[in-house]
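Reproduced below: my_file_16.txt, with compact mmCIF, C-alpha atoms.
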# COMPACT_ATOMS: atom_id res chain seq x y z
CA MET A 278 -5.06 -9.37 30.62
CA ASN A 279 -1.49 -8.13 30.80
CA VAL A 280 1.27 -10.68 30.83
CA LEU A 281 4.05 -8.21 31.50
CA GLU A 282 3.90 -4.84 33.25
CA ALA A 283 6.65 -2.25 33.57
CA ARG A 284 6.12 0.68 35.94
CA LYS A 285 8.42 3.72 35.88
CA LEU A 286 11.17 1.32 34.90
CA GLY A 287 14.67 2.76 34.62
CA MET A 288 18.19 1.51 34.12
CA ARG A 289 21.36 3.53 34.59
CA TYR A 290 24.82 2.57 33.43
CA GLY A 291 27.22 4.94 35.21
CA ARG A 292 25.63 8.35 34.75
CA ARG A 293 23.79 7.48 31.61
CA TRP A 294 20.17 6.37 31.71
CA ALA A 295 19.66 3.66 29.07
CA LEU A 296 15.99 3.54 30.02
CA GLN A 297 14.02 5.98 32.09
CA ASP A 298 10.51 6.09 33.47
CA LEU A 299 9.09 3.42 31.16
CA THR A 300 5.53 2.39 31.89
CA LEU A 301 4.30 -0.29 29.53
CA ASP A 302 1.81 -3.16 29.46
CA VAL A 303 2.15 -6.24 27.27
CA PRO A 304 -1.32 -7.71 26.71
CA GLY A 305 -1.58 -11.49 26.67
CA GLY A 306 -1.92 -13.40 23.39
CA ARG A 307 -0.59 -10.53 21.33
CA ILE A 308 2.47 -10.28 19.13
CA MET A 309 3.96 -6.94 20.06
CA ALA A 310 6.39 -5.01 17.91
CA LEU A 311 8.83 -2.91 19.90
CA VAL A 312 10.21 -0.29 17.56
CA GLY A 313 12.72 2.50 18.05
CA PRO A 314 16.12 3.78 17.01
CA ASN A 315 19.35 2.34 18.39
CA GLY A 316 19.77 3.52 21.96
CA ALA A 317 16.03 3.85 22.57
CA GLY A 318 16.22 1.29 25.36
CA LYS A 319 14.65 -1.72 23.62
CA THR A 320 17.41 -4.15 24.56
CA THR A 321 17.62 -2.76 28.09
CA PHE A 322 13.88 -3.22 28.57
CA LEU A 323 13.96 -6.81 27.32
CA GLN A 324 16.97 -7.63 29.51
CA LEU A 325 15.24 -6.21 32.59
CA ALA A 326 12.12 -8.18 31.68
CA MET A 327 14.26 -11.33 31.55
CA GLY A 328 15.81 -10.51 34.92
CA PHE A 329 19.35 -10.27 33.56
CA ALA A 330 19.90 -7.16 35.70
CA GLU A 331 18.32 -5.36 38.64
CA PRO A 332 16.53 -2.18 37.52
CA SER A 333 17.91 1.12 38.83
CA ALA A 334 14.37 2.41 39.24
CA GLY A 335 10.80 1.18 39.04
CA THR A 336 9.51 -2.37 38.66
CA VAL A 337 8.87 -5.02 36.06
CA VAL A 338 6.47 -7.88 36.72
CA ALA A 339 5.50 -10.82 34.51
CA PHE A 340 2.67 -13.23 35.38
CA GLY A 341 2.65 -11.47 38.74
CA LEU A 342 6.25 -12.59 39.29
CA SER A 343 9.46 -10.65 39.65
CA PRO A 344 11.93 -11.95 37.04
CA ARG A 345 14.78 -11.85 39.58
CA ARG A 346 13.26 -12.53 42.99
CA ASP A 347 10.93 -15.23 41.65
CA ALA A 348 13.35 -16.53 39.02
CA ALA A 349 12.66 -20.19 39.74
CA ALA A 350 8.96 -19.77 38.94
CA PHE A 351 9.43 -17.15 36.24
CA LEU A 352 12.15 -18.60 34.01
CA PRO A 353 10.23 -21.72 32.86
CA LYS A 354 7.47 -19.46 31.54
CA VAL A 355 9.65 -17.30 29.33
CA GLY A 356 11.73 -17.82 26.20
CA TYR A 357 14.38 -15.49 24.85
CA ALA A 358 16.47 -15.05 21.73
CA ALA A 359 18.74 -12.19 20.74
CA GLN A 360 20.41 -10.87 17.63
CA GLU A 361 23.54 -12.96 18.02
CA PRO A 362 22.20 -16.12 19.61
CA PRO A 363 24.85 -17.46 22.00
CA LEU A 364 24.75 -20.96 20.60
CA PHE A 365 27.79 -23.00 21.43
CA ARG A 366 29.60 -23.13 18.13
CA ARG A 367 31.28 -26.51 18.59
CA PHE A 368 28.05 -28.24 19.52
CA SER A 369 25.89 -29.99 16.99
CA VAL A 370 22.23 -28.99 16.70
CA GLY A 371 21.28 -32.33 18.26
CA GLU A 372 23.55 -31.69 21.24
CA LEU A 373 21.89 -28.32 21.78
CA LEU A 374 18.54 -30.09 21.87
CA LYS A 375 19.85 -32.61 24.40
CA MET A 376 21.21 -29.80 26.57
CA GLY A 377 17.87 -27.99 26.40
CA SER A 378 16.00 -31.09 27.54
CA ARG A 379 18.31 -31.49 30.56
CA LEU A 380 18.11 -27.83 31.61
CA ASN A 381 14.39 -27.23 31.20
CA ARG A 382 11.45 -28.74 33.00
CA ARG A 383 8.85 -28.17 30.31
CA TRP A 384 10.74 -29.17 27.22
CA ASP A 385 9.11 -30.49 24.06
CA GLY A 386 11.96 -32.29 22.31
CA PRO A 387 9.87 -34.04 19.63
CA LEU A 388 8.23 -30.72 18.64
CA ALA A 389 11.66 -29.07 18.29
CA ALA A 390 12.99 -32.02 16.29
CA SER A 391 10.02 -32.00 13.91
CA ARG A 392 10.36 -28.23 13.36
CA LEU A 393 14.06 -28.62 12.57
CA ARG A 394 13.23 -31.45 10.16
CA ARG A 395 10.69 -29.22 8.38
CA LEU A 396 13.36 -26.51 8.13
CA SER A 397 15.78 -29.09 6.69
CA ILE A 398 18.27 -28.43 9.48
CA GLY A 399 20.02 -31.72 10.28
CA LEU A 400 20.64 -32.61 13.92
CA ASP A 401 24.20 -33.66 13.07
CA LEU A 402 25.18 -30.23 11.72
CA SER A 403 27.58 -28.26 13.87
CA VAL A 404 26.45 -24.80 14.94
CA ALA A 405 29.55 -23.26 13.35
CA SER A 406 28.54 -24.61 9.93
CA LEU A 407 25.06 -23.00 9.98
CA SER A 408 24.21 -19.86 8.04
CA GLY A 409 23.05 -16.79 9.94
CA GLY A 410 19.46 -17.48 8.98
CA MET A 411 19.63 -21.10 10.13
CA ARG A 412 21.27 -20.08 13.40
CA ALA A 413 18.43 -17.64 14.07
CA GLN A 414 15.91 -20.36 13.28
CA VAL A 415 17.65 -22.83 15.61
CA ALA A 416 17.69 -20.23 18.38
CA LEU A 417 13.95 -19.68 17.87
CA VAL A 418 13.18 -23.41 17.79
CA LEU A 419 15.11 -23.87 21.06
CA ALA A 420 13.36 -20.91 22.71
CA LEU A 421 9.99 -22.36 21.61
CA ALA A 422 10.85 -25.86 22.82
CA LYS A 423 10.80 -24.53 26.39
CA MET A 424 7.06 -24.17 25.77
CA PRO A 425 7.10 -20.62 27.14
CA ASP A 426 4.00 -18.49 27.67
CA LEU A 427 5.98 -15.37 26.85
CA LEU A 428 8.67 -15.07 24.20
CA LEU A 429 11.02 -12.08 24.17
CA LEU A 430 12.95 -11.58 20.93
CA ASP A 431 15.62 -8.89 20.76
CA GLU A 432 16.30 -7.97 17.13
CA PRO A 433 16.43 -11.65 16.19
CA MET A 434 16.48 -10.87 12.48
CA ALA A 435 18.80 -7.85 12.41
CA SER A 436 21.59 -9.58 10.52
CA LEU A 437 19.39 -11.63 8.19
CA ASP A 438 18.61 -11.11 4.51
CA PRO A 439 14.96 -10.63 3.45
CA LEU A 440 14.39 -14.29 2.56
CA ALA A 441 15.83 -15.49 5.87
CA ARG A 442 13.70 -12.91 7.71
CA HIS A 443 10.61 -14.18 5.94
CA GLU A 444 11.46 -17.79 6.84
CA PHE A 445 12.02 -16.74 10.45
CA MET A 446 8.66 -14.97 10.55
CA ARG A 447 6.87 -17.96 9.03
CA LEU A 448 8.27 -20.15 11.80
CA LEU A 449 7.28 -17.60 14.46
CA MET A 450 3.73 -17.17 13.11
CA ALA A 451 3.17 -20.93 12.87
CA ALA A 452 4.46 -21.41 16.42
CA SER A 453 2.28 -18.59 17.66
CA ALA A 454 -0.78 -20.31 16.17
CA GLU A 455 0.24 -23.68 17.63
CA GLN A 456 1.34 -22.59 21.10
CA GLY A 457 -0.79 -19.53 21.78
CA LEU A 458 2.16 -17.39 22.80
CA THR A 459 2.56 -13.80 23.85
CA VAL A 460 5.48 -12.35 21.91
CA VAL A 461 7.51 -9.16 22.24
CA LEU A 462 9.68 -8.63 19.18
CA SER A 463 12.06 -5.70 18.93
CA SER A 464 13.10 -4.66 15.46
CA HIS A 465 14.07 -1.71 13.38
CA ILE A 466 12.96 -3.27 10.12
CA ILE A 467 9.44 -1.87 10.08
CA GLY A 468 8.14 -3.44 6.88
CA ASP A 469 8.25 -6.95 8.36
CA LEU A 470 6.05 -5.98 11.27
CA ARG A 471 2.82 -4.76 9.66
CA ALA A 472 1.32 -8.18 8.95
CA THR A 473 3.03 -10.14 11.71
CA CYS A 474 2.51 -8.02 14.81
CA ASP A 475 -0.91 -6.99 16.10
CA TYR A 476 0.32 -4.55 18.73
CA LEU A 477 2.79 -1.72 18.33
CA VAL A 478 5.01 0.20 20.73
CA VAL A 479 7.24 3.00 19.47
CA LEU A 480 10.00 3.80 21.92
CA THR A 481 12.45 6.70 21.87
CA ARG A 482 14.93 7.45 24.63
CA GLY A 483 13.23 5.10 27.01
CA ARG A 484 9.78 6.63 26.56
CA THR A 485 6.77 5.32 24.67
CA GLN A 486 5.60 7.58 21.85
CA LEU A 487 2.85 5.40 20.44
CA VAL A 488 1.14 2.33 21.88
CA GLY A 489 -1.81 0.39 20.54
CA ASP A 490 -3.48 -2.10 18.22
CA MET A 491 -1.63 -2.33 14.90
CA ASP A 492 -4.69 -2.17 12.61
CA GLU A 493 -6.18 0.66 14.64
CA ILE A 494 -2.96 2.67 14.44
CA VAL A 495 -2.49 2.17 10.70
CA GLY A 496 -6.20 2.81 10.06
CA THR A 497 -6.46 6.07 11.98
CA HIS A 498 -3.32 7.78 10.66
CA GLN A 499 -3.58 9.69 7.40
CA ARG A 500 -1.80 12.35 5.45
CA LEU A 501 -3.82 15.53 4.94
CA VAL A 502 -2.78 18.02 2.29
CA GLY A 503 -4.37 21.47 2.28
CA PRO A 504 -3.99 25.24 2.73
CA VAL A 505 -1.44 26.47 5.28
CA ASP A 506 -3.85 28.99 6.83
CA SER A 507 -6.22 26.34 8.17
CA ILE A 508 -3.74 24.11 10.00
CA ASP A 509 -4.99 25.39 13.35
CA ALA A 510 -8.58 24.48 12.51
CA ILE A 511 -7.47 20.94 11.61
CA GLY A 512 -5.50 20.77 14.84
CA HIS A 513 -8.64 21.45 16.88
CA VAL A 514 -10.18 18.18 15.69
CA GLN A 515 -7.30 15.92 14.59
CA GLU A 516 -4.09 15.08 16.40
CA ILE A 517 -1.26 16.46 14.28
CA VAL A 518 1.84 14.30 14.48
CA GLN A 519 4.02 15.88 11.82
CA VAL A 520 3.86 19.05 9.73
CA GLU A 521 5.61 19.70 6.44
CA LEU A 522 5.14 23.18 4.98
CA SER A 523 5.65 24.66 1.58
CA GLU A 524 4.62 28.23 0.71
CA ARG A 525 0.92 27.59 0.29
CA GLN A 526 0.46 23.96 1.00
CA ALA A 527 0.73 22.02 4.22
CA SER A 528 1.19 18.28 4.44
CA LEU A 529 0.16 16.91 7.80
CA LEU A 530 0.49 13.44 9.19
CA VAL A 531 -2.43 13.21 11.60
CA ARG A 532 -4.18 10.76 13.81
CA MET A 533 -7.84 11.18 12.90
CA ARG A 534 -9.93 11.99 15.98
CA GLY A 535 -13.04 13.21 14.19
CA PRO A 536 -14.62 13.90 10.80
CA LEU A 537 -12.75 15.96 8.23
CA LEU A 538 -15.23 18.63 7.15
CA ASP A 539 -13.11 21.17 5.26
CA PRO A 540 -13.29 20.11 1.57
CA ARG A 541 -10.02 21.92 0.77
CA TRP A 542 -8.08 19.18 2.55
CA GLU A 543 -7.30 15.97 0.69
CA ARG A 544 -6.58 12.78 2.55
CA TYR A 545 -4.14 10.01 1.66
CA PRO A 546 -3.37 6.72 3.38
CA VAL A 547 0.04 6.27 5.03
CA ASP A 548 1.90 3.05 5.67
CA LEU A 549 3.48 1.86 8.89
CA ASP A 550 6.96 3.08 7.90
CA GLN A 551 5.71 6.65 7.48
CA ILE A 552 3.80 6.57 10.75
CA VAL A 553 6.75 5.26 12.76
CA LEU A 554 9.11 7.71 11.07
CA ALA A 555 6.81 10.63 11.95
CA TYR A 556 6.76 9.67 15.64
CA LEU A 557 10.51 9.10 15.70
CA SER A 558 11.37 12.41 14.07
CA ARG A 559 8.85 14.26 16.25
CA ASN A 560 10.88 13.28 19.25
CA ALA A 561 14.36 13.45 17.84
CA SER A 562 15.34 16.31 20.11
CA VAL A 563 19.03 17.00 19.88
CA SER A 564 19.39 18.46 23.35
CA SER A 565 18.89 15.32 25.44
CA PHE A 566 21.17 13.36 23.14
CA GLU A 567 23.89 15.92 23.73
CA THR A 568 23.32 15.65 27.46
CA ASP A 569 23.87 11.92 27.21
CA LEU A 570 27.09 12.43 25.30
CA ALA A 571 28.33 15.00 27.78
CA ALA A 572 27.56 12.66 30.69
CA GLU A 573 29.36 9.83 28.91
CA ALA A 574 32.40 12.02 28.25
CA ALA A 575 32.50 13.12 31.89
CA SER A 576 32.30 9.59 33.30
CA MET B 95 17.01 -22.52 -14.11
CA THR B 96 14.12 -24.27 -12.44
CA LEU B 97 11.06 -22.40 -11.40
CA ALA B 98 10.60 -22.29 -7.64
CA ARG B 99 7.41 -24.05 -6.67
CA SER B 100 6.20 -24.51 -3.18
CA LYS B 101 3.32 -26.63 -2.11
CA THR B 102 0.91 -24.53 -0.18
CA GLY B 103 -0.81 -26.74 2.29
CA THR B 104 -4.36 -27.82 2.82
CA GLY B 105 -7.10 -25.96 0.95
CA ALA B 106 -8.55 -25.33 -2.46
CA ILE B 107 -7.14 -21.86 -2.94
CA THR B 108 -3.92 -20.02 -2.23
CA LEU B 109 -4.24 -16.84 -0.21
CA ARG B 110 -1.83 -13.98 -0.87
CA MET B 111 -0.52 -10.91 0.88
CA ASP B 112 0.07 -7.74 -1.09
CA THR B 113 2.11 -5.25 0.90
CA THR B 114 1.54 -2.46 -1.62
CA SER B 115 -2.25 -2.67 -1.75
CA GLY B 116 -2.93 -0.23 1.08
CA LEU B 117 -5.60 -2.61 2.40
CA THR B 118 -5.14 -4.10 5.86
CA PRO B 119 -4.01 -7.76 5.86
CA TYR B 120 -7.38 -8.63 7.42
CA LEU B 121 -9.37 -7.00 4.61
CA GLN B 122 -7.15 -8.59 1.96
CA LEU B 123 -8.02 -12.04 3.28
CA VAL B 124 -11.74 -11.20 3.48
CA GLN B 125 -11.70 -9.92 -0.11
CA GLN B 126 -9.73 -12.83 -1.55
CA ILE B 127 -12.02 -15.43 -0.01
CA THR B 128 -15.16 -13.54 -1.04
CA HIS B 129 -13.85 -13.20 -4.62
CA ALA B 130 -12.95 -16.88 -4.79
CA VAL B 131 -16.51 -17.81 -3.77
CA ARG B 132 -18.03 -15.32 -6.20
CA LEU B 133 -15.90 -16.68 -9.05
CA GLY B 134 -16.76 -20.26 -8.18
CA GLN B 135 -13.16 -21.18 -7.25
CA LEU B 136 -14.57 -22.06 -3.85
CA THR B 137 -17.93 -23.78 -3.60
CA VAL B 138 -20.13 -24.93 -0.74
CA GLY B 139 -18.42 -27.57 1.37
CA ASP B 140 -14.87 -26.64 0.39
CA ARG B 141 -12.50 -26.53 3.33
CA LEU B 142 -10.35 -23.46 3.90
CA PRO B 143 -6.71 -23.76 4.94
CA THR B 144 -6.22 -23.83 8.70
CA VAL B 145 -5.35 -20.65 10.59
CA ARG B 146 -1.95 -22.13 11.35
CA ASP B 147 -1.24 -22.94 7.69
CA VAL B 148 -2.24 -19.49 6.43
CA ALA B 149 -0.19 -17.81 9.17
CA ALA B 150 2.83 -19.98 8.40
CA GLN B 151 2.55 -19.73 4.63
CA LEU B 152 2.10 -15.95 4.41
CA ALA B 153 4.06 -15.07 7.57
CA ILE B 154 1.09 -13.20 8.99
CA ASN B 155 -0.36 -12.95 12.46
CA PRO B 156 -2.68 -15.90 13.24
CA ASN B 157 -5.08 -13.51 14.99
CA THR B 158 -5.54 -11.72 11.65
CA VAL B 159 -6.52 -14.96 9.89
CA LEU B 160 -8.87 -15.83 12.74
CA LYS B 161 -10.46 -12.38 12.56
CA ALA B 162 -11.04 -12.70 8.80
CA TYR B 163 -12.61 -16.17 9.19
CA ARG B 164 -14.82 -14.92 12.06
CA HIS B 165 -15.98 -11.97 9.99
CA LEU B 166 -16.95 -14.23 7.08
CA GLU B 167 -18.66 -16.63 9.48
CA MET B 168 -20.79 -13.79 10.80
CA GLN B 169 -21.75 -12.98 7.22
CA GLY B 170 -22.75 -16.60 6.75
CA LEU B 171 -20.23 -17.21 3.98
CA LEU B 172 -18.14 -19.58 6.08
CA ALA B 173 -19.03 -22.02 8.82
CA SER B 174 -16.64 -23.63 11.27
CA ARG B 175 -17.10 -27.19 12.45
CA PRO B 176 -15.16 -27.70 15.66
CA GLY B 177 -12.29 -30.10 15.21
CA THR B 178 -12.62 -30.39 11.45
CA GLY B 179 -12.07 -26.89 10.09
CA VAL B 180 -13.69 -23.96 8.35
CA PHE B 181 -15.88 -24.55 5.32
CA VAL B 182 -17.66 -22.54 2.65
CA ALA B 183 -21.31 -22.40 3.66
CA LYS B 184 -22.94 -20.29 0.96
CA GLU B 185 -22.73 -19.43 -2.74
CA LEU B 186 -22.42 -15.89 -3.95
CA ARG B 187 -24.07 -15.42 -7.31
CA GLY B 188 -23.50 -12.36 -9.40
CA PRO B 189 -26.11 -11.16 -11.91
CA SER B 190 -26.91 -13.39 -14.90
CA PRO B 191 -25.04 -12.74 -18.19
CA GLN B 192 -28.24 -11.17 -19.66
CA ASP B 193 -28.62 -8.82 -16.70
CA GLN B 194 -24.92 -7.92 -16.86
CA ALA B 195 -25.21 -7.09 -20.58
CA ALA B 196 -28.29 -4.90 -19.94
CA LEU B 197 -26.51 -3.10 -17.09
CA ARG B 198 -23.50 -2.48 -19.34
CA ARG B 199 -25.70 -0.99 -22.09
CA ALA B 200 -27.38 1.32 -19.59
CA LEU B 201 -24.00 2.39 -18.28
CA LEU B 202 -22.70 3.15 -21.78
CA ARG B 203 -25.74 5.38 -22.41
CA TRP B 204 -25.10 7.12 -19.10
CA LEU B 205 -21.41 7.59 -20.00
CA SER B 206 -22.29 9.35 -23.24
CA HIS B 207 -24.59 11.72 -21.28
CA ALA B 208 -21.72 12.40 -18.90
CA LYS B 209 -19.37 13.14 -21.78
CA GLU B 210 -21.90 15.58 -23.27
CA ALA B 211 -22.11 17.28 -19.88
CA GLY B 212 -18.31 17.76 -19.98
CA LEU B 213 -17.26 15.09 -17.51
CA ASP B 214 -13.94 13.36 -18.33
CA ALA B 215 -12.97 9.83 -17.26
CA GLU B 216 -11.44 11.01 -14.00
CA GLY B 217 -14.53 13.06 -13.19
CA VAL B 218 -16.74 10.05 -13.87
CA GLN B 219 -14.69 7.88 -11.55
CA ALA B 220 -14.77 10.48 -8.77
CA LEU B 221 -18.55 10.93 -9.13
CA PHE B 222 -19.04 7.16 -9.20
CA ALA B 223 -16.93 6.52 -6.10
CA ASP B 224 -18.58 9.39 -4.25
CA THR B 225 -22.11 8.22 -5.14
CA ILE B 226 -21.38 4.64 -4.07
CA ARG B 227 -20.00 5.87 -0.77
CA GLN B 228 -22.96 8.22 -0.22
CA ASN B 229 -25.43 5.48 -1.11
CA ALA B 230 -23.78 3.04 1.30
CA THR B 231 -23.98 5.62 4.09
CA ASP B 232 -27.65 6.34 3.34
CA GLU B 233 -28.48 2.65 3.34
CA ALA B 234 -26.65 2.16 6.62
CA VAL B 235 -28.62 5.03 8.15
CA ALA B 236 -31.93 3.74 6.75
CA SER B 237 -31.47 0.19 8.03

Translate the structure of the given file into structure tokens.
Amino acid sequence: MNVLEARKLGMRYGRRWALQDLTLDVPGGRIMALVGPNGAGKTTFLQLAMGFAEPSAGTVVAFGLSPRRDAAAFLPKVGYAAQEPPLFRRFSVGELLKMGSRLNRRWDGPLAASRLRRLSIGLDLSVASLSGGMRAQVALVLALAKMPDLLLLDEPMASLDPLARHEFMRLLMAASAEQGLTVVLSSHIIGDLRATCDYLVVLTRGRTQLVGDMDEIVGTHQRLVGPVDSIDAIGHVQEIVQVELSERQASLLVRMRGPLLDPRWERYPVDLDQIVLAYLSRNASVSSFETDLAAEAAS
Amino acid sequence: MTLARSKTGTGAITLRMDTTSGLTPYLQLVQQITHAVRLGQLTVGDRLPTVRDVAAQLAINPNTVLKAYRHLEMQGLLASRPGTGVFVAKELRGPSPQDQAALRRALLRWLSHAKEAGLDAEGVQALFADTIRQNATDEAVAS
């Protein structure tokens, strides 16, 4: 069952569309990776899903509720954390917890306190004194303490080093096992996503390029290397995502749709980075980007 | 400098995640548990770490851990007891040392035939992998 549904969703700032015609389902119980280059519309989508702004076009619905019109029913069900968590810097961690408990109906203070203890983050520490990694962890612990059914995370690890990212992911995976959450996590650090997310959405310019189960996507994409003159024959059976040509040899990144019968073609596994890169570069059309720039310059 | 040591939770073995292996995280878990049973590191009645602990320790999706445990339960290697955890339910015994030695001798004879026929080490490996794959397919069709 889908927890969140976007239909032809669009958002325009001035003349520029930050997101256009996005139709996307977030299935319940999954941890979804939302991947795309800067400007793809990831943040805009998550902000519309949170109800921070009214969409310029289309609809977004979560648990059958409109994030804006039904805010009173919707907000208790959803947690949110962004790249620079807006934690009040002069507050102590304990004061943040106290504030959370006053502002939220379903608030599990003891759970939050025990998670912070396990992370060795003292309640008496001031937010300003925390490292970037700790601040991200505190923001996640607070978002989880709301006991949300849906957690939206907008590049929560973008400014963290690899160890801090790993610690953040450990906390998120443990919480997901304990609370049975649906998570949408936007990121452009692909390597972290393979083992943590079980659903993948690749977004470019507000459009989905690839949507599906993580294992299925990684399992069905392969690199095929073979003679240039039989690319068309391969293309009849397999879905060719990316072509690299040398004089006699072609290297194709394909999504396998059927058996590979021609013995002249060799197959190699590809990792998630290569798959995402292939879909991103396939759609890196310069023209629409220039249109955006021209519109921006004119406004 | 002190060596970093972290205590790894509830269970007899420590599961790992190798991002360079090319195997899916799910298959890595299935293989590691199967190997541990085959090598006697896990024996009947041993409790496996909880889904939550594996997910938290390796930073992997809890659904992946659950899927691996379910798969091994269907094979009869693991059994879950509601409320108490997942346990090893079966032993996996390899061939006896005598049988292994006999198999090795037969293989060495076969290898010298292959060498006479002009097959190098790479050729042997390719033929071996291909035959195993073919045999598995035939068996799957036959059953």

Compile the residues of chain B that lie within 6 Å of chain A, evaluated using all atoms listed in the file, and express the compilation as a PDB file with C-alpha atoms, in the frame of the given file.
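What follows is the written file out.pdb:
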ATOM      1  CA  ARG B 146      -1.950 -22.130  11.350  1.00  0.00           C
ATOM      2  CA  ALA B 149      -0.190 -17.810   9.170  1.00  0.00           C
ATOM      3  CA  ALA B 150       2.830 -19.980   8.400  1.00  0.00           C
ATOM      4  CA  ALA B 153       4.060 -15.070   7.570  1.00  0.00           C
ATOM      5  CA  ILE B 154       1.090 -13.200   8.990  1.00  0.00           C
ATOM      6  CA  ASN B 155      -0.360 -12.950  12.460  1.00  0.00           C
ATOM      7  CA  PRO B 156      -2.680 -15.900  13.240  1.00  0.00           C
TER       8      PRO B 156
END

Work out how far CA of Leu325 (chain A) is from CA of Pro363 (chain A), in Å to one decimal.
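Interatomic distance here is 18.2 Å.
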
Selection: 10 Å around Asn381 (chain A), only C-alpha atoms, excl. self and same-chain fewer than 5 positions, as a list in words:
Leu352, Pro353, Met376, Ala422, Lys423 and Met424 of chain A

At a cut-off of 12 Å, using only C-alpha atoms, what residues contact Leu342 (chain A)? Leave out same-chain residues fewer than 4 positions from it and give the result as a ChimeraX atom specification.
/A:280-283,326-328,336-338,346-355

Selected residue of minimal separation from Gly318 (chain A) among A:Val418, A:Met434, A:Val303, A:Leu480, counting all atoms listed in the file:
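Closest to Gly318 (chain A), using all atoms listed in the file: A:Leu480.
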
Do you know which residues are at most 9 Å from region 169-182 of chain B counting all atoms listed in the file, after dropping those on the same chain fewer than 6 positions away, and could you put them as a ChimeraX atom specification?
/B:128,131,136-144,163

Counting all atoms listed in the file, which residues have an atom no more than 12 Å from (10.0, -28.9, 13.9) in the file's coordinates? Please list them as a short mmCIF file (atom, residue, chain, number, x, y, z; two decimals) with C-alpha atoms, in the coordinates of the input.
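Output (result-v6.cif):
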data_model
loop_
_atom_site.label_atom_id
_atom_site.label_comp_id
_atom_site.auth_asym_id
_atom_site.auth_seq_id
_atom_site.Cartn_x
_atom_site.Cartn_y
_atom_site.Cartn_z
CA LEU A 374 18.54 -30.09 21.87
CA ASP A 385 9.11 -30.49 24.06
CA GLY A 386 11.96 -32.29 22.31
CA PRO A 387 9.87 -34.04 19.63
CA LEU A 388 8.23 -30.72 18.64
CA ALA A 389 11.66 -29.07 18.29
CA ALA A 390 12.99 -32.02 16.29
CA SER A 391 10.02 -32.00 13.91
CA ARG A 392 10.36 -28.23 13.36
CA LEU A 393 14.06 -28.62 12.57
CA ARG A 394 13.23 -31.45 10.16
CA ARG A 395 10.69 -29.22 8.38
CA LEU A 396 13.36 -26.51 8.13
CA SER A 397 15.78 -29.09 6.69
CA ILE A 398 18.27 -28.43 9.48
CA GLY A 399 20.02 -31.72 10.28
CA LEU A 400 20.64 -32.61 13.92
CA GLN A 414 15.91 -20.36 13.28
CA VAL A 415 17.65 -22.83 15.61
CA LEU A 417 13.95 -19.68 17.87
CA VAL A 418 13.18 -23.41 17.79
CA LEU A 419 15.11 -23.87 21.06
CA LEU A 421 9.99 -22.36 21.61
CA ALA A 422 10.85 -25.86 22.82
CA LEU A 448 8.27 -20.15 11.80
CA LEU A 449 7.28 -17.60 14.46
CA ALA A 451 3.17 -20.93 12.87
CA ALA A 452 4.46 -21.41 16.42
CA GLU A 455 0.24 -23.68 17.63
#

So how many Å separate CA of Leu549 (chain A) and CA of Ile467 (chain A), to one decimal?
7.1 Å

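CA of Leu462 (chain A) is found 18.7 Å from CA of Leu286 (chain A).
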
Take the point (-14.1, 16.2, 8.0) in the file's coordinates, draw a sphere of radius 12 Å around it, and report as JSON, numbers by chain every protein, DNA or RNA residue with an atom inside or on it, counting only C-alpha atoms.
{"A": [501, 510, 511, 512, 513, 514, 515, 533, 534, 535, 536, 537, 538, 539, 540, 541, 542, 543, 544]}

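Nearest residue to Leu109 (chain B) among B:Leu121, B:Arg199, B:Lys184, B:Gln126 is B:Gln126, counting all atoms listed in the file.
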